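For reference, model00.cif is printed below; it contains mmCIF, C-alpha atoms.
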```
data_my_file
#
loop_
_atom_site.label_atom_id
_atom_site.label_comp_id
_atom_site.auth_asym_id
_atom_site.auth_seq_id
_atom_site.Cartn_x
_atom_site.Cartn_y
_atom_site.Cartn_z
CA LYS A 1 0.00 0.00 0.00
CA ILE A 2 2.76 2.42 0.96
CA SER A 3 4.64 1.77 -2.29
CA LEU A 4 1.53 2.42 -4.40
CA ILE A 5 0.84 5.65 -2.53
CA MET A 6 4.44 6.80 -3.03
CA GLU A 7 4.10 6.18 -6.76
CA GLN A 8 0.99 8.33 -6.82
CA MET A 9 2.64 11.26 -5.00
CA LYS A 10 3.70 13.77 -7.64
CA MET A 11 5.96 16.80 -7.16
CA GLU A 12 4.51 20.16 -8.06
CA TYR A 13 7.45 21.17 -10.24
CA GLU A 14 9.30 19.29 -12.97
CA LYS A 15 12.58 21.16 -12.51
CA PRO A 16 14.80 19.19 -10.09
CA TRP A 17 16.33 20.51 -6.89
CA ASN A 18 20.06 20.32 -7.61
CA VAL A 19 21.96 19.49 -4.42
CA LYS A 20 25.75 19.66 -4.80
CA VAL A 21 27.96 18.23 -2.06
CA VAL A 22 31.66 17.62 -1.43
CA ARG A 23 32.27 14.02 -0.37
CA ARG A 24 35.28 14.93 1.80
CA ARG A 25 33.13 17.46 3.66
CA PHE A 26 29.86 15.64 3.34
CA GLU A 27 28.62 16.24 6.87
CA THR A 28 28.81 20.04 6.56
CA THR A 29 28.03 20.54 2.85
CA SER A 30 24.99 18.24 2.88
CA ILE A 31 23.43 20.08 5.81
CA GLU A 32 24.21 23.48 4.26
CA GLN A 33 22.51 22.44 1.01
CA LEU A 34 19.41 21.17 2.82
CA GLU A 35 19.22 24.29 5.00
CA ASP A 36 19.52 26.51 1.92
CA GLY A 37 16.59 24.77 0.23
CA ASP A 38 13.47 26.92 0.14
CA GLU A 39 9.85 25.77 0.21
CA ASP A 40 9.75 25.31 -3.55
CA ASP A 41 12.98 23.27 -3.55
CA TRP A 42 11.53 20.77 -1.08
CA LYS A 43 8.61 20.22 -3.48
CA ARG A 44 10.87 19.34 -6.41
CA PRO A 45 12.45 15.95 -7.27
CA ILE A 46 15.94 15.93 -5.75
CA SER A 47 19.03 15.54 -7.93
CA ILE A 48 22.41 14.89 -6.25
CA LEU A 49 25.87 15.79 -7.55
CA PHE A 50 29.06 14.83 -5.74
CA ILE A 51 31.44 17.57 -6.89
CA VAL A 52 34.44 16.38 -8.98
CA GLU A 53 32.75 13.00 -9.48
CA GLU A 54 31.12 11.87 -12.69
CA GLY A 55 27.64 10.46 -12.61
CA ILE A 56 24.05 11.34 -13.39
CA ASP A 57 21.55 10.92 -10.59
CA ALA A 58 19.21 8.26 -11.91
CA GLY A 59 18.34 7.26 -8.37
CA GLY A 60 21.60 5.73 -7.16
CA LEU A 61 23.28 8.99 -6.16
CA SER A 62 20.29 10.23 -4.19
CA ARG A 63 20.08 6.89 -2.37
CA GLU A 64 23.78 7.16 -1.55
CA PHE A 65 23.29 10.77 -0.40
CA PHE A 66 20.49 9.90 2.01
CA SER A 67 22.31 6.81 3.31
CA LEU A 68 25.40 8.91 4.08
CA LEU A 69 23.22 11.60 5.64
CA PHE A 70 21.52 9.16 8.00
CA LYS A 71 24.87 7.60 8.87
CA THR A 72 26.64 10.88 9.67
CA THR A 73 23.86 12.90 11.28
CA LYS A 74 24.03 13.51 15.03
CA VAL A 75 20.24 13.26 15.25
CA PHE A 76 20.25 9.49 15.74
CA GLU A 77 22.01 8.05 18.78
CA GLY A 78 22.07 4.30 19.22
CA ASN A 79 18.57 3.05 18.43
CA THR A 80 16.80 6.27 19.36
CA PHE A 81 17.38 10.06 19.15
CA SER A 82 20.13 12.18 20.61
CA VAL A 83 19.43 15.07 22.97
CA ASP A 84 21.44 18.10 21.87
CA PRO A 85 20.23 21.58 22.94
CA GLN A 86 22.03 23.27 20.04
CA LEU A 87 20.46 20.95 17.47
CA LEU A 88 17.06 21.47 19.07
CA ASP A 89 17.50 25.25 19.06
CA SER A 90 18.47 25.26 15.37
CA LYS A 91 15.51 22.97 14.47
CA HIS A 92 18.01 20.43 13.16
CA TYR A 93 15.86 17.45 14.17
CA ARG A 94 13.04 18.93 12.09
CA LEU A 95 15.42 19.32 9.12
CA ILE A 96 16.44 15.65 9.29
CA GLY A 97 12.76 14.71 9.64
CA LYS A 98 12.10 16.54 6.37
CA ALA A 99 15.11 14.80 4.80
CA VAL A 100 13.79 11.38 5.90
CA GLY A 101 10.43 12.25 4.36
CA LYS A 102 12.11 13.38 1.16
CA ALA A 103 14.18 10.19 1.09
CA ILE A 104 11.14 7.93 1.47
CA ILE A 105 9.25 9.78 -1.28
CA SER A 106 12.36 9.49 -3.49
CA GLY A 107 12.47 5.70 -3.07
CA HIS A 108 15.05 5.35 -0.30
CA PRO A 109 14.33 2.62 2.31
CA GLY A 110 14.67 5.10 5.19
CA PRO A 111 17.09 5.36 8.13
CA ARG A 112 15.99 2.04 9.69
CA CYS A 113 17.93 2.63 12.89
CA LEU A 114 15.19 3.19 15.49
CA ASN A 115 13.90 0.69 18.00
CA HIS A 116 10.39 -0.63 17.58
CA HIS A 117 8.96 1.36 20.50
CA VAL A 118 10.18 4.76 19.25
CA THR A 119 8.85 3.89 15.80
CA GLN A 120 5.48 2.97 17.29
CA TYR A 121 5.34 6.31 19.09
CA ILE A 122 6.14 8.21 15.87
CA LEU A 123 3.55 6.36 13.78
CA GLN A 124 0.79 5.75 16.31
CA GLY A 125 1.49 8.03 19.27
CA GLN A 126 1.49 5.00 21.55
CA GLU A 127 3.79 4.60 24.52
CA PRO A 128 4.91 1.01 25.22
CA ASP A 129 4.42 -0.94 28.41
CA PHE A 130 7.81 -0.06 29.84
CA SER A 131 7.76 -2.95 32.29
CA ASN A 132 7.98 -5.33 29.31
CA ILE A 133 10.95 -3.57 27.67
CA GLN A 134 14.04 -5.78 27.53
CA THR A 135 17.27 -4.37 28.94
CA LYS A 136 19.09 -5.03 25.65
CA GLU A 137 16.80 -2.48 23.99
CA ILE A 138 18.34 0.32 26.09
CA TYR A 139 21.20 1.65 23.98
CA ARG A 140 23.14 3.45 26.75
CA ALA A 141 25.56 1.10 28.47
CA ASP A 142 25.44 2.94 31.81
CA ALA A 143 21.63 2.84 31.90
CA ALA A 144 21.54 -0.83 30.88
CA LYS A 145 24.06 -1.65 33.61
CA ALA A 146 22.02 0.24 36.20
CA ILE A 147 18.90 -1.70 35.21
CA THR A 148 20.72 -5.04 35.43
CA ASP A 149 22.34 -4.19 38.76
CA ILE A 150 19.01 -3.13 40.27
CA GLU A 151 17.28 -6.24 38.92
CA GLU A 152 19.93 -8.43 40.58
CA ALA A 153 20.15 -6.39 43.79
CA THR A 154 19.60 -8.18 47.09
CA THR A 155 18.89 -6.98 50.60
CA GLU A 156 22.62 -7.14 51.33
CA ASN A 157 23.86 -4.96 48.47
CA ILE A 158 20.93 -2.76 47.43
CA ASN A 159 22.29 0.28 49.28
CA ALA A 160 25.58 -0.02 47.40
CA VAL A 161 23.69 -0.37 44.10
CA PHE A 162 21.69 2.76 44.94
CA ASP A 163 24.87 4.72 45.72
CA GLU A 164 26.44 3.63 42.41
CA HIS A 165 23.48 4.59 40.24
CA ILE A 166 21.91 7.47 42.18
CA ALA A 167 22.91 10.03 39.51
CA LEU A 168 21.07 8.16 36.74
CA LEU A 169 18.01 7.66 38.92
CA GLN A 170 17.91 11.35 39.79
CA ALA A 171 18.25 12.26 36.09
CA THR A 172 14.99 10.39 35.45
CA GLY A 173 13.25 12.30 38.25
CA TYR A 174 13.11 9.23 40.47
CA SER A 175 13.54 10.61 43.99
CA LYS A 176 12.86 7.61 46.22
CA ILE A 177 15.52 5.72 48.12
CA LEU A 178 16.02 2.41 46.37
CA SER A 179 14.71 -0.66 48.17
CA ILE A 180 13.71 -4.22 47.40
CA GLY A 181 10.09 -3.15 47.49
CA ASN A 182 10.41 -0.38 44.86
CA LYS A 183 13.19 -1.62 42.60
CA GLU A 184 10.73 -2.73 39.87
CA GLU A 185 9.36 0.81 39.84
CA ALA A 186 12.88 2.22 39.55
CA ILE A 187 13.69 -0.14 36.68
CA LYS A 188 10.52 0.86 34.80
CA THR A 189 11.38 4.54 35.30
CA LEU A 190 14.90 4.04 33.91
CA LYS A 191 13.60 2.19 30.86
CA ALA A 192 10.93 4.79 30.14
CA TYR A 193 13.33 7.70 30.49
CA PHE A 194 16.20 6.42 28.36
CA LEU A 195 14.02 4.76 25.74
CA LEU A 196 11.48 7.52 25.10
CA TYR A 197 11.10 10.40 27.57
CA ARG A 198 14.66 11.74 27.48
CA PRO A 199 14.65 12.31 23.68
CA MET A 200 10.97 13.32 23.53
CA ALA A 201 11.64 16.91 22.39
CA SER A 202 13.95 15.61 19.65
CA ILE A 203 11.37 13.04 18.53
CA ASN A 204 8.55 15.58 18.38
CA GLN A 205 10.65 18.00 16.34
CA PHE A 206 11.62 15.17 13.97
CA VAL A 207 7.93 14.26 13.57
CA GLU A 208 7.19 17.86 12.55
CA GLY A 209 9.66 17.46 9.68
CA LEU A 210 8.00 14.22 8.57
CA LYS A 211 4.86 16.18 7.71
CA ILE A 212 6.45 17.20 4.39
CA HIS A 213 4.01 16.65 1.48
CA GLY A 214 1.49 15.17 3.93
CA LEU A 215 3.72 12.10 4.29
CA LEU A 216 3.27 11.65 8.04
CA GLU A 217 -0.49 11.29 7.66
CA ILE A 218 0.00 8.60 5.01
CA LEU A 219 2.52 6.73 7.16
CA GLN A 220 0.22 6.87 10.18
CA GLN A 221 -2.61 5.37 8.11
CA HIS A 222 -0.40 2.36 7.31
CA PRO A 223 1.78 1.95 10.44
CA LYS A 224 2.75 -1.68 9.84
CA GLU A 225 4.15 -1.04 6.36
CA ALA A 226 5.60 2.34 7.36
CA ALA A 227 7.54 0.83 10.28
CA THR A 228 9.96 -0.75 7.81
CA PHE A 229 11.35 2.72 7.01
CA PHE A 230 12.36 3.32 10.64
CA ASN A 231 12.87 0.05 12.52
CA GLU A 232 16.36 -1.26 13.18
CA ARG A 233 17.69 -3.46 10.40
CA SER A 234 21.06 -5.10 10.87
CA PHE A 235 21.59 -6.30 7.29
CA PRO A 236 20.04 -5.31 3.93
CA SER A 237 18.75 -7.83 1.42
CA ALA A 238 20.62 -8.69 -1.77
CA ASP A 239 17.99 -6.90 -3.86
CA GLU A 240 18.36 -3.75 -1.74
CA VAL A 241 22.13 -3.73 -2.20
CA GLU A 242 21.77 -4.21 -5.96
CA ALA A 243 19.17 -1.44 -6.15
CA PHE A 244 21.52 0.93 -4.32
CA TYR A 245 24.10 0.89 -7.13
CA ILE A 246 23.22 1.94 -10.67
CA PRO A 247 26.02 0.69 -12.98
CA VAL A 248 27.21 2.76 -15.94
CA PHE A 249 28.21 0.47 -18.80
CA SER A 250 30.85 1.06 -21.45
CA LYS A 251 29.78 2.12 -24.92
CA ASN A 252 32.06 -0.49 -26.45
CA GLU A 253 29.88 -3.57 -27.00
CA GLU A 254 32.61 -6.09 -26.15
CA GLU A 255 33.42 -4.36 -22.88
CA LYS A 256 29.73 -3.94 -22.14
CA ALA A 257 29.13 -7.67 -22.61
CA GLU A 258 31.83 -8.46 -20.04
CA GLU A 259 30.46 -5.85 -17.63
CA GLU A 260 26.97 -7.32 -17.86
CA LEU A 261 28.34 -10.68 -16.75
CA VAL A 262 30.17 -9.00 -13.87
CA ILE A 263 26.90 -7.45 -12.67
CA TYR A 264 25.07 -10.77 -13.13
CA ASN A 265 27.67 -12.71 -11.12
CA TRP A 266 27.80 -9.98 -8.50
CA GLY A 267 24.04 -10.37 -8.01
CA LYS A 268 24.46 -14.13 -7.54
CA CYS A 269 27.25 -13.50 -5.02
CA LEU A 270 25.06 -11.09 -3.03
CA LYS A 271 22.26 -13.64 -2.81
CA ASN A 272 24.71 -16.26 -1.52
CA ILE A 273 25.98 -13.82 1.11
#
```

What's the structure tokens form of this structure?
Amino acid sequence: KISLIMEQMKMEYEKPWNVKVVRRRFETTSIEQLEDGDEDDWKRPISILFIVEEGIDAGGLSREFFSLLFKTTKVFEGNTFSVDPQLLDSKHYRLIGKAVGKAIISGHPGPRCLNHHVTQYILQGQEPDFSNIQTKEIYRADAAKAITDIEEATTENINAVFDEHIALLQATGYSKILSIGNKEEAIKTLKAYFLLYRPMASINQFVEGLKIHGLLEILQQHPKEAATFFNERSFPSADEVEAFYIPVFSKNEEEKAEEELVIYNWGKCLKNI
């Protein structure tokens, strides 16, 4: 359903938005180009040029651009969002939200780095049952350690555990003295804070950016399909890797015939991997 809707979404202008970046300074030049885009630019089909590199953007360059953008941006941290006052103040999370929307409309598979619960909040506004969150889903090592230590705490060592992790507990707003009787409550508070509440301002600003071209409304109407653009994915499929690269063949027919076999065998190799 999502794919069909994306095919039906047409840009208002035929002239492309030419985005020119320097690969060696990708992190700064890509953001500058996106920030310089005006309202009309964001409505146009995007066309990417890596300066001093040959290549026409037939889809491969824009996919590479967005993949590099999602990899280098400071907006994502672990499997959730970072919390950076400067980025919030400059509306940077909103800018990356717009870029994610633009990427999805342009055929990119999305950042796919967020945990399921953050994705569910973005698409459905639902908070998870934090008591059922697994410790491994908490990306911060210090928070995960605190949760594990509190889970395993006994009457004999719970005071020491409290002293070790008091700073993290206070950061969540948890003000009680840790005890055997309230440790489950403390664990739930830690999970809720580091999974969702701490980056809430960043998430909400990002969601504002996703509203580009009415995309957020479409995604929210089809949350199951839309989740694939955001959820963590450790390894792409062979077809996705092949689709990422658009080969340019030689004009010489003999060379072209050899290159076609290279691409064919490369596809077989990817499937085996």

Self-check item: Given the PyMOL selection byres ((chain A and resi 192) around 10), the residues it picks as a ChimeraX atom specification
Solution: /A:127-131,133,138,172,186-191,193-198

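Reported to one decimal place, the separation of atom CA of Asp84 of chain A from atom CA of Glu232 of chain A is 21.8 Å.
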
Practice problem: For Trp17 of chain A, list every protein, DNA or RNA residue within 10 Å, evaluated using all atoms listed in the file, and leave out those in the same chain fewer than 2 positions away; present the list as JSON, numbers by chain. | Solution: {"A": [13, 14, 15, 19, 20, 37, 38, 40, 41, 42, 43, 44, 45, 46, 47, 48]}

Quiz item: What do you get, as a list in words, if you spell out every residue that the PyMOL selection byres ((chain A and resi 88-95) around 9) selects here?
Solution: Ile31, Leu34, Glu35, Val75, Val83, Asp84, Pro85, Gln86, Leu87, Ile96, Gly97, Lys98, Ala99, Val100, Ala201, Ser202, Ile203, Asn204, Gln205, Phe206, Val207, Glu208, Gly209 and Leu210 of chain A

Show me, as JSON, the centre and edge lengths in Å to one decimal of the axis-aligned box that covers every listed atom of segment 35-39 of chain A with 6 Å on each side.
```
{"center_x": 14.7, "center_y": 25.6, "center_z": 2.6, "size_x": 21.7, "size_y": 14.6, "size_z": 16.9}
```

If the PyMOL selection byres ((chain A and resi 67) around 12) were run on this exact file, what residues would it hold? Put them as a PDB file with C-alpha atoms, in the coordinates of the input.
```
ATOM      1  CA  PHE A  26      29.860  15.640   3.340  1.00  0.00           C
ATOM      2  CA  GLU A  27      28.620  16.240   6.870  1.00  0.00           C
ATOM      3  CA  SER A  30      24.990  18.240   2.880  1.00  0.00           C
ATOM      4  CA  GLY A  60      21.600   5.730  -7.160  1.00  0.00           C
ATOM      5  CA  LEU A  61      23.280   8.990  -6.160  1.00  0.00           C
ATOM      6  CA  SER A  62      20.290  10.230  -4.190  1.00  0.00           C
ATOM      7  CA  ARG A  63      20.080   6.890  -2.370  1.00  0.00           C
ATOM      8  CA  GLU A  64      23.780   7.160  -1.550  1.00  0.00           C
ATOM      9  CA  PHE A  65      23.290  10.770  -0.400  1.00  0.00           C
ATOM     10  CA  PHE A  66      20.490   9.900   2.010  1.00  0.00           C
ATOM     11  CA  LEU A  68      25.400   8.910   4.080  1.00  0.00           C
ATOM     12  CA  LEU A  69      23.220  11.600   5.640  1.00  0.00           C
ATOM     13  CA  PHE A  70      21.520   9.160   8.000  1.00  0.00           C
ATOM     14  CA  LYS A  71      24.870   7.600   8.870  1.00  0.00           C
ATOM     15  CA  THR A  72      26.640  10.880   9.670  1.00  0.00           C
ATOM     16  CA  THR A  73      23.860  12.900  11.280  1.00  0.00           C
ATOM     17  CA  ALA A  99      15.110  14.800   4.800  1.00  0.00           C
ATOM     18  CA  VAL A 100      13.790  11.380   5.900  1.00  0.00           C
ATOM     19  CA  ALA A 103      14.180  10.190   1.090  1.00  0.00           C
ATOM     20  CA  ILE A 104      11.140   7.930   1.470  1.00  0.00           C
ATOM     21  CA  GLY A 107      12.470   5.700  -3.070  1.00  0.00           C
ATOM     22  CA  HIS A 108      15.050   5.350  -0.300  1.00  0.00           C
ATOM     23  CA  PRO A 109      14.330   2.620   2.310  1.00  0.00           C
ATOM     24  CA  GLY A 110      14.670   5.100   5.190  1.00  0.00           C
ATOM     25  CA  PRO A 111      17.090   5.360   8.130  1.00  0.00           C
ATOM     26  CA  ARG A 112      15.990   2.040   9.690  1.00  0.00           C
ATOM     27  CA  CYS A 113      17.930   2.630  12.890  1.00  0.00           C
ATOM     28  CA  VAL A 241      22.130  -3.730  -2.200  1.00  0.00           C
ATOM     29  CA  PHE A 244      21.520   0.930  -4.320  1.00  0.00           C
TER      30      PHE A 244
END
```

Quiz item: Just how far from atom CA of Thr148 of chain A is atom CA of Ile166 of chain A, in Å to one decimal?
Solution: 14.3 Å

Counting only C-alpha atoms, what is within 12 Å of segment 219-227 of chain A, bar same-chain residues fewer than 2 positions away, as a CSV table (one decimal) with C-alpha atoms, in the frame of the given file?
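As a result, result-v9.csv now contains:
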```
chain,number,residue,atom,x,y,z
A,1,LYS,CA,0.0,0.0,0.0
A,2,ILE,CA,2.8,2.4,1.0
A,3,SER,CA,4.6,1.8,-2.3
A,4,LEU,CA,1.5,2.4,-4.4
A,5,ILE,CA,0.8,5.6,-2.5
A,6,MET,CA,4.4,6.8,-3.0
A,101,GLY,CA,10.4,12.2,4.4
A,104,ILE,CA,11.1,7.9,1.5
A,105,ILE,CA,9.2,9.8,-1.3
A,109,PRO,CA,14.3,2.6,2.3
A,110,GLY,CA,14.7,5.1,5.2
A,111,PRO,CA,17.1,5.4,8.1
A,112,ARG,CA,16.0,2.0,9.7
A,113,CYS,CA,17.9,2.6,12.9
A,114,LEU,CA,15.2,3.2,15.5
A,115,ASN,CA,13.9,0.7,18.0
A,116,HIS,CA,10.4,-0.6,17.6
A,117,HIS,CA,9.0,1.4,20.5
A,118,VAL,CA,10.2,4.8,19.2
A,119,THR,CA,8.8,3.9,15.8
A,120,GLN,CA,5.5,3.0,17.3
A,121,TYR,CA,5.3,6.3,19.1
A,122,ILE,CA,6.1,8.2,15.9
A,123,LEU,CA,3.6,6.4,13.8
A,124,GLN,CA,0.8,5.8,16.3
A,125,GLY,CA,1.5,8.0,19.3
A,126,GLN,CA,1.5,5.0,21.6
A,207,VAL,CA,7.9,14.3,13.6
A,210,LEU,CA,8.0,14.2,8.6
A,211,LYS,CA,4.9,16.2,7.7
A,212,ILE,CA,6.4,17.2,4.4
A,213,HIS,CA,4.0,16.6,1.5
A,214,GLY,CA,1.5,15.2,3.9
A,215,LEU,CA,3.7,12.1,4.3
A,216,LEU,CA,3.3,11.6,8.0
A,217,GLU,CA,-0.5,11.3,7.7
A,229,PHE,CA,11.4,2.7,7.0
A,230,PHE,CA,12.4,3.3,10.6
A,231,ASN,CA,12.9,0.0,12.5
A,232,GLU,CA,16.4,-1.3,13.2
A,233,ARG,CA,17.7,-3.5,10.4
```

Practice problem: Give me, please, the distance in Å between atom CA of Asn79 of chain A and atom CA of Lys145 of chain A, quoted to one decimal. | Solution: 16.8 Å

Quiz item: What lies within 9 Å of Ala146 of chain A using only C-alpha atoms, ignoring chain neighbours under 6 positions off, as a PyMOL selection string?
Solution: chain A and resi 161+164-165+168-169+187+190

Quiz prompt | Which of A:Ser106, A:Thr29, A:Ser179, A:Asn132 sits closest to Ala153 of chain A [using all atoms listed in the file] | solution = A:Ser179
